[in-house]
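Working notes, beginning with the structure itself.
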2 protein chains.
Amino acid sequence: MFAVTILGSNSALPMHNRHPTSQLVQFGEYQFLVDCGEGTQMQMNRFKIKRNRIRHIFISHLHGDHYFGLPGLLAGYGLNGRTEDLWVYSPPMLKEIIEIQFGPSDTVLPYPLHFVSIEKGGILLDEPSIRVKCFRVSHSVPCWGFLFEEKEKQPKLNMEKLAQYQIPATDFRRLKAGEDFITPEGKIIPNGELTLPPDAPRSYAFCADTLYDETIASHCRDVSLLYHEATYLKSNYEKAKRHMHSTTQEAATIAKKANAGRLIIGHFSSRYETLDAMVEEAREIFPNTDLALEGVTYLV
Amino acid sequence: MFAVTILGSNSALPMHNRHPTSQLVQFGEYQFLVDCGEGTQMQMNRFKIKRNRIRHIFISHLHGDHYFGLPGLLAGYGLNGRTEDLWVYSPPMLKEIIEIQFGPSDTVLPYPLHFVSIEKGGILLDEPSIRVKCFRVSHSVPCWGFLFEEKEKQPKLNMEKLAQYQIPATDFRRLKAGEDFITPEGKIIPNGELTLPPDAPRSYAFCADTLYDETIASHCRDVSLLYHEATYLKSNYEKAKRHMHSTTQEAATIAKKANAGRLIIGHFSSRYETLDAMVEEAREIFPNTDLALEGVTYLV
């Protein structure tokens with residue numbers, strides 16, 4: 001499964017039973033946390049998220065509504081006896097911010113905690129089946145988007161052909177790796193005849209807090225699922241610009257320019273108690289748009 | 001009104017829909033916040049607490065479950081345009097912890113924020129009708145209890161006598177201040193004949209996180225309402241001691257020795273999903289005990 005679960009969808013303050021930004025990205029056995037606003041651990045409890053498989057946490061920027069839940073989460077792992085390494089990627093200074101809090105409480109974490117300072121765009125994490133890249137977005141402080149890219153998959157086996165040539169299961173792995181098959185008689189069956197092309201790799205982009213910025217569309221070209229903030233309705237365009245946020249229609253325009261498969265919008269201003277108008281506005285430009293709703297899991 | 005509203009009643013981690021420690025103490029027009037665990041601002045939303053009258057926040061100690069909600073609360077006041085001064089009382093280092101977080105977010109608060117470092121027991125705040133004292137308790141890091149003491153009230157007017165002597169309303173304030181009354185004929189009516197003794201001053205003690213420590217009973221002598229942590233059942237006595245916490249019966253013993261009017265217990269370990277046994281154990285020693293339940297307001 002490749003999916004995103006929204007833990008917090010509001011901007012700045014908790015309001016209307018919405019919470020500051022946090023998302024859980026799941027990819028097979030991997031769990032990644034993206035941003036960690038205050039109350040993220042409570043939201044994990046609420047939605048029965050098992051958090052122990054998270055090994056990588058990505059913090060887009062150091063506005064409090066994107067990381068004030070991190071000290072509690074990290075301390076909680078300690079209290080629960082975590083021993084696995086944990087990596088936290090963020091703009092500079094988070095290490096100092098966290099470590100100063102562990103001083104007066106005499107906190108000694110029982111697990112290795114690694115801070116990675118994001119200084120430029122590129123690959124943050126390269127695992128066998130997935131890579132995570134960051135790209136700069138346009139906000140009032142250094143702020144990063146994250147792109148989760150599934151790697152090129154192996155071809156699928158053409159079971160009909162395998163049966164026809166009576167190929168033993170012990171050879172399947174070699175076929176998936178691209179090798180040809182040689183029959184006991186020495187005849188070569190080309191790999192292309194025995195396999196089918198793999199599914200296209202999927203990708204998820206989290207675009208953090210940002211002004212309308214077309215470079216985001218180029219970073220997220222053909223992304224399967226795009227999360228873009230939409231703090232304001234289009235009528236609050238000036239306010240969005242002043243606070244370096246986006247409107248619904250700006251988010252939708254980025255999705256359209258990026259040729260995204262689907263868009264979810266979030267980081268809603270507390271001025272909006274209901275959100276119907278937000279998704280309607282976005283759909284005028286990019287029809288395949290949905291609201292990022294807390295507790296909901298969106299397949300990539 | 002003199003009352004305490006529980007915003008968080010759990011220890012260490014949020015669990016069983018209970019939250020880390022926080023309490024709102026109301027006294028007339030005053031609102032005081034005691035501790036501010038992660039999610040305190042969400043709990044304030046949940047229980048429809050108007051937070052703008054809070055001018056003094058008391059943090060017992062720098063374990064995260066007692067203050068990780070503070071950065072978000074302080075930032076939220078800023079976003080909401082607060083201009084009134086705010087004082088935060090705590091063990092040393094909180095100022096540094098908060099200020100380092102406001103650096104990378106370019107946060108400039110629109111209100112004056114004052115940090116008061118607690119270094120020794122005594123009076124922290126002395127207002128016309130109430131004073132707040134702190135006293136040291138026994139925990140693994142410097143930790144303080146807080147005593148909210150209503151000041152001696154003015155005597156009550158004896159309306160029957162006032163009518164009998166035909167004393168004009170313009171003199172009432174002087175009588176309440178203790179003056180005698182002189183009739184137009186020059187006769188002195190002693191104050192004691194015209195007034196009744198005031199109600200006894202009320203008091204609330206918050207005893208933070210602590211080992212069983214009998215000095216607490218002396219600091220809280222004759223307190224009207226006592227909050228004492230009771231992290232564990234008595235069967236977990238050894239565990240309580242090791243983690244420098246108290247059991248239900250230790251909390252009740254302190255209430256008894258202090259001659260408290262009423263006891264509420266809180267800071268429950270996450271190991272207990274239900275709490276009936278905790279209050280039952282405490283009542284064996286101090287019958288007038290109740291659980292500190294979130295969202296409930298206890299009159300002092």
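All residue names refer to the structure tokens as shown: chains lettered A, B, ... in order, residues numbered from 1 in each chain, ligands numbered from 1 in order.
When chain B serves as the reference and chain A is fitted to it on all C-alpha atoms, the deviation left is 0.2 Å RMSD.
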Excluding Glu160 of chain A and residues on its chain fewer than 5 positions from it, collect all residues at most 12 Å away from it, counting only C-alpha atoms, and give them as a ChimeraX atom specification.
/A:165-167,193-196
If we count only C-alpha atoms and set the cut-off at 9 Å, which residues sit around Leu275 of chain B, ignoring sequence neighbours fewer than 5 positions away in its own chain? Please answer as a PyMOL selection string.
chain B and resi 268+280+291
Only N, CA and C atoms, please: the residues just picked out, written as a PDB file, in the first residue's frame.
ATOM      1  N   PHE B 268      -2.783  10.327  36.458  1.00  0.00           N
ATOM      2  CA  PHE B 268      -2.936   8.867  36.472  1.00  0.00           C
ATOM      3  C   PHE B 268      -2.003   8.187  35.483  1.00  0.00           C
ATOM      4  N   GLU B 280     -11.315   4.702  45.151  1.00  0.00           N
ATOM      5  CA  GLU B 280     -11.722   3.866  46.296  1.00  0.00           C
ATOM      6  C   GLU B 280     -10.587   3.705  47.303  1.00  0.00           C
ATOM      7  N   LEU B 291     -11.879  11.975  41.911  1.00  0.00           N
ATOM      8  CA  LEU B 291     -10.962  11.948  40.777  1.00  0.00           C
ATOM      9  C   LEU B 291     -10.928  13.320  40.130  1.00  0.00           C
TER      10      LEU B 291
END
Give the residues of chain B that lie within 6 Å of chain A; count only C-alpha atoms, and format the answer as a list of chain:residue names.
B:Gly39, B:Leu62, B:His63, B:Ser105
For those residues, write C-alpha atoms to a file as a tab-separated table (two decimals), in the first residue's frame.
chain	number	residue	atom	x	y	z
B	39	GLY	CA	-2.71	19.81	23.71
B	62	LEU	CA	10.18	21.03	33.19
B	63	HIS	CA	9.09	17.51	32.38
B	105	SER	CA	9.95	31.08	13.00
Determine, for each residue of segment 137-229 of chain A having at least one atom at most 12 Å from an atom of segment 254-263 of chain A, the closest pair of atoms and their separation in Å to one decimal, counting only C-alpha atoms; order by chain and ascending number, as a Markdown table.
| residue | atom | partner | partner_atom | distance |
| --- | --- | --- | --- | --- |
| A:Arg202 | CA | A:Gly261 | CA | 9.9 |
| A:Ser203 | CA | A:Gly261 | CA | 9.7 |
| A:Tyr204 | CA | A:Ala260 | CA | 9.6 |
| A:Ala205 | CA | A:Ala260 | CA | 9.6 |
| A:Phe206 | CA | A:Leu263 | CA | 10.4 |
| A:Cys207 | CA | A:Ile254 | CA | 10.2 |
| A:Thr210 | CA | A:Ile254 | CA | 11.4 |
| A:Leu211 | CA | A:Ile254 | CA | 10.9 |
| A:Tyr212 | CA | A:Ile254 | CA | 7.7 |
| A:Asp213 | CA | A:Ile254 | CA | 7.8 |
| A:Glu214 | CA | A:Ile254 | CA | 6.6 |
| A:Thr215 | CA | A:Ile254 | CA | 9.0 |
| A:Ile216 | CA | A:Ile254 | CA | 7.1 |
| A:Ala217 | CA | A:Ala258 | CA | 4.3 |
| A:Ser218 | CA | A:Ala258 | CA | 6.2 |
| A:His219 | CA | A:Ala258 | CA | 8.1 |
| A:Cys220 | CA | A:Ala258 | CA | 5.8 |
| A:Arg221 | CA | A:Ala258 | CA | 4.5 |
| A:Asp222 | CA | A:Asn259 | CA | 5.0 |
| A:Val223 | CA | A:Ala260 | CA | 4.9 |
| A:Ser224 | CA | A:Gly261 | CA | 4.6 |
| A:Leu225 | CA | A:Arg262 | CA | 4.9 |
| A:Leu226 | CA | A:Leu263 | CA | 4.8 |
| A:Tyr227 | CA | A:Leu263 | CA | 5.9 |
| A:His228 | CA | A:Leu263 | CA | 7.3 |
| A:Glu229 | CA | A:Leu263 | CA | 10.2 |
Resulting file, chosen residues, C-alpha atoms, as a CSV table (one decimal), in the first residue's frame:
chain,number,residue,atom,x,y,z
A,202,ARG,CA,3.6,6.1,-8.0
A,203,SER,CA,4.5,9.3,-6.3
A,204,TYR,CA,3.2,11.6,-3.6
A,205,ALA,CA,4.2,15.2,-3.2
A,206,PHE,CA,3.6,17.3,0.0
A,207,CYS,CA,3.9,20.9,-0.8
A,210,THR,CA,3.8,28.2,0.2
A,211,LEU,CA,2.9,31.1,-1.9
A,212,TYR,CA,1.7,30.2,-5.4
A,213,ASP,CA,5.0,29.1,-7.0
A,214,GLU,CA,5.2,27.5,-10.4
A,215,THR,CA,8.5,25.8,-9.7
A,216,ILE,CA,6.5,23.5,-7.5
A,217,ALA,CA,4.7,22.2,-10.6
A,218,SER,CA,8.0,21.4,-12.3
A,219,HIS,CA,9.2,19.5,-9.2
A,220,CYS,CA,6.0,17.5,-9.0
A,221,ARG,CA,5.6,16.8,-12.7
A,222,ASP,CA,3.2,13.8,-13.3
A,223,VAL,CA,2.9,13.1,-9.6
A,224,SER,CA,0.2,10.6,-8.7
A,225,LEU,CA,-1.1,12.5,-5.7
A,226,LEU,CA,-0.4,16.1,-4.8
A,227,TYR,CA,-1.0,17.7,-1.4
A,228,HIS,CA,-1.0,21.5,-1.7
A,229,GLU,CA,-1.9,23.9,1.0
Which one is closest to Pro197 of chain B: B:Glu185, B:Leu157, B:Ala230, B:Val132? Count only C-alpha atoms.
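Looking only at the distances to Pro197 of chain B, the closest residue turns out to be B:Leu157.
In terms of minimum interatomic distance to Gln31 of chain B, B:Phe2 ranks closest within B:Phe181, B:Phe2, B:Tyr272, B:Phe286, counting only C-alpha atoms.
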What separation in Å, quoted to one decimal, exists between atom CA of Lys151 of chain B and atom CA of Pro128 of chain B?
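Between atom CA of Lys151 of chain B and atom CA of Pro128 of chain B the gap works out to 7.8 Å.
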Secondary structure check, strand (DSSP E) residues of segment 21-253 of chain A, as an NGL selection string:
:A and (22-27 or 30-36 or 54-58 or 86-90 or 113-117 or 122-126 or 130-136 or 144-150 or 156-157 or 181-182 or 188-189 or 195-196 or 203-206 or 225-229)
Among segment 43-283 of chain A, which ones does DSSP place in alpha helix (DSSP H), written as a ChimeraX atom specification?
/A:43-46,70-79,94-102,159-164,172-176,191-194,215-219,237-242,248-258,276-283
